[in-house]
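Shown next, in structure tokens, is the structure this report addresses.
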Amino acid sequence: MSPELTIALLLWGTLVGLDLVSVPQMMIARPLIAGPVAGAILGDLEAGLKLGVVFELLQYDILPVGAVRYPEYGPATVGAVATAHASAGVLGLGLGTLVGLLTGLVGGVTIHLLRRINGRAVQAAAATLESGDPRQLARVHVAAILRDALRAALVTAFGLGLAWAAPPLLGAILTLRGITLLAVAAVAAALAAGAAGTLRLVGRGPNLAWFAAGLGGGVLVAGVLR
Amino acid sequence: MTPRPPLARALLRLFAVQGSYNYERMLGLGVGVAEEPLLRDLPADGPESPYRTAVARGAHFFNAHPYLAGLAVGAAARAEHDGAPPEQVERLRATLCGPLGSLGDRLVWAGWLPLLSGLALTAITLGAGWTAVAAFFVVYNAGHVALRWWALQAGWTHGARVASALHHPLLQRGVAVLGPAMACAVGAALPLTAQYLAAPFEIWARGVLAAVAALGFIALRWLPGRLTGLRLGLGLSALALVVGWLWP
């Protein structure tokens with residue numbers, strides 16, 4: 001991967017990481033968008049769409065309510081697509097997902113740490129905030145956004161580092177069956193998380209019948225398309 | 001008469017309402033930053049001026065759905081302009097946290113977002129590619145920005161009596177329609193994405209995929225909270241690496 005492409009992915013991952021919580025929450029952090037755009041940057045839209053779909057399903061497992069802790073799949077998808085682009089076919093799907101999951105885990109930890117650091121900054125500025133100084137209020141707020149940008153850049157860099165190291169390391173020692181099993185594990189986890197997360201949203205009320213109807217329709221269309 | 005408020009400036013700032021999210025005040029600082037332009041008409045002379053005390057109050061603890069936080073921003077700013085006592089403004093903000101969080105979660109996180117995501121997934125599996133991604137982005141944000149703008153305007157219009165805005169028929173209808181639509185759309189997307197992702201696999205691998213996905217689903221349903229999609233994915237990947245190494 002050329003330095004220009006690496007910088008472009010780093011910038012994209014930073015924007016994606018900022019979008020998740022800080023600004024502007026327009027859902028570019030959603031893997032469905034983060035993945036294909038990363039793929040387009042690399043000239044590999046197919047990998048972007050595939051990994052975007054895998055992580056979008058994993059995203060269904062997360063309901064970002066209150067102060068709940070969750071993995072961050074936006075920059076993770078960027079790292080996953082970069083890995084898939086550097087690997088061939090099924091290896092890219094499995095290895096890309098593994099890199100994305102590890103990056104998502106690290107991203108989630110950094111979000112928690114950032115919130116604690118923000119809390120300390122607010123405590124430190126409590127007296128001036130209570131005086132109603134609008135400049136100080138804006139300063140604390142903007143500093144927190146800049147910290148999040150730095151955090152998102154570091155998480156993306158971590159993912160891109162894995163994307164650079166993992167294919168030659170694991171690709172060389174994995175057998176063909178191992179490569180397939182890794183991809184199967186990735187897709188199975190995504191489908192299980194997608195289904196379980198959706199059912200949690202749907203609940204046991206009347207929406208369950210709508211879910212069943214949709215599922216039936218999907219099975220029917222999948223059967224016709226086969 | 002209250003002068004024309006700079007609602008557009010407040011709206012722009014609301015896009016960063018979670019910028020300083022923390023466990024102490026949650027969205028509080030972001031709400032204060034967004035509310036500040038609406039408070040500039042208040043008298044600002046001296047450290048205890050109405051402007052300064054209102055800015056300080058605006059940055060206190062607040063938690064709600066970010067897209068609906070504008071409702072509290074507009075309502076609190078209007079109440080400050082109307083000369084409501086400080087305790088009433090604080091009470092208004094505290095009262096809005098729960099309903100705005102609950103409504104936003106049902107309307108957006110459990111409705112609008114998964115509905116459009118499910119439709120986009122289906123479209124991608126049917127070959128729509130970029131068009132599906134672009135349509136998801138545009139349609140989602142049309143609803144997103146409209147909701148933020150409505151919330152801010154409704155808050156400013158109703159002030160301390162903003163609770164009535166939450167009974168708007170469109171919101172109630174939205175919650176009632178989006179739930180079933182989301183369930184149906186994501187339900188349809190699941191088998192299609194399974195087929196799309198399993199396309200490059202051989203027959204034996206598809207069998208393993210079906211079995212492992214079913215077991216994973218049961219495990220996630222059985223151990224909610226303890227087992228997550230992330231843990232399942234990492235665990236299955238580690239298992240696949242070991243099995244692939246032992247069974248060349």
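Following the order of the structure tokens, first chain is A, next is B, and so on, with residues numbered from 1 inside each chain and ligands from 1 in the order they appear.
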Proximal residues of chain B relative to chain A (only C-alpha atoms; 6 Å) as an MDAnalysis selection string: chainID B and resid 15:16 18:20 22 24 52:53 55:56 180 183:184 187:188 191:192 209 212:213 216:217 229 233 236:237 240 244 248
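Computed from the coordinates, the atom CA of B:Val17 to atom CA of B:Leu121 distance equals 29.2 Å.
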Closest of B:Leu107, B:Leu152, B:Phe137, B:Leu12 to B:Ala72 - atom-to-atom distances counting only C-alpha atoms: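 Ranked by minimum distance to B:Ala72, first place goes to B:Leu152.
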Which of A:Gly171, A:His85, A:Ile7, A:Thr110 sits closest to A:Leu150 [using only C-alpha atoms]: A:Thr110
DSSP-assigned helix (DSSP H, G or I) members of stretch 15-52 of chain A, reported as a list of chain:residue names: A:Leu15, A:Val16, A:Gly17, A:Leu18, A:Asp19, A:Leu20, A:Val21, A:Pro31, A:Leu32, A:Ile33, A:Ala34, A:Gly35, A:Pro36, A:Val37, A:Ala38, A:Gly39, A:Ala40, A:Ile41, A:Leu42, A:Leu45, A:Glu46, A:Ala47, A:Gly48, A:Leu49, A:Lys50, A:Leu51, A:Gly52
Can you write just those residues out, C-alpha atoms, as a short mmCIF file (atom, residue, chain, number, x, y, z; two decimals), in the first residue's frame?
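File produced: out_35.cif:
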data_model
loop_
_atom_site.label_atom_id
_atom_site.label_comp_id
_atom_site.auth_asym_id
_atom_site.auth_seq_id
_atom_site.Cartn_x
_atom_site.Cartn_y
_atom_site.Cartn_z
CA LEU A 15 -13.37 11.08 10.30
CA VAL A 16 -15.22 7.79 10.81
CA GLY A 17 -14.03 7.56 14.43
CA LEU A 18 -15.08 11.17 15.12
CA ASP A 19 -18.51 10.58 13.62
CA LEU A 20 -19.39 7.73 15.97
CA VAL A 21 -19.88 9.89 19.06
CA PRO A 31 -19.56 -0.12 8.54
CA LEU A 32 -22.03 0.01 5.65
CA ILE A 33 -20.50 3.38 4.69
CA ALA A 34 -17.01 3.15 6.25
CA GLY A 35 -16.26 -0.12 4.42
CA PRO A 36 -17.24 0.75 0.82
CA VAL A 37 -15.54 4.18 1.02
CA ALA A 38 -12.33 2.51 2.30
CA GLY A 39 -12.71 0.01 -0.56
CA ALA A 40 -13.14 2.83 -3.07
CA ILE A 41 -9.98 4.56 -1.75
CA LEU A 42 -8.09 1.31 -2.36
CA LEU A 45 -15.06 -1.78 -3.84
CA GLU A 46 -15.93 -5.48 -3.63
CA ALA A 47 -13.76 -5.95 -0.51
CA GLY A 48 -15.25 -2.77 0.97
CA LEU A 49 -18.81 -3.96 0.44
CA LYS A 50 -18.11 -7.49 1.78
CA LEU A 51 -16.38 -6.34 4.96
CA GLY A 52 -18.90 -3.53 5.32
#
Interatomic distance, atom CA of B:Ala132 to atom CA of A:Ala82 (Å, one decimal): 21.5 Å
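Each of A:Ala8, A:Leu91, A:Leu154, A:Trp164 was checked against B:Leu241 using only C-alpha atoms; the smallest atom-to-atom distance is that of A:Leu91.
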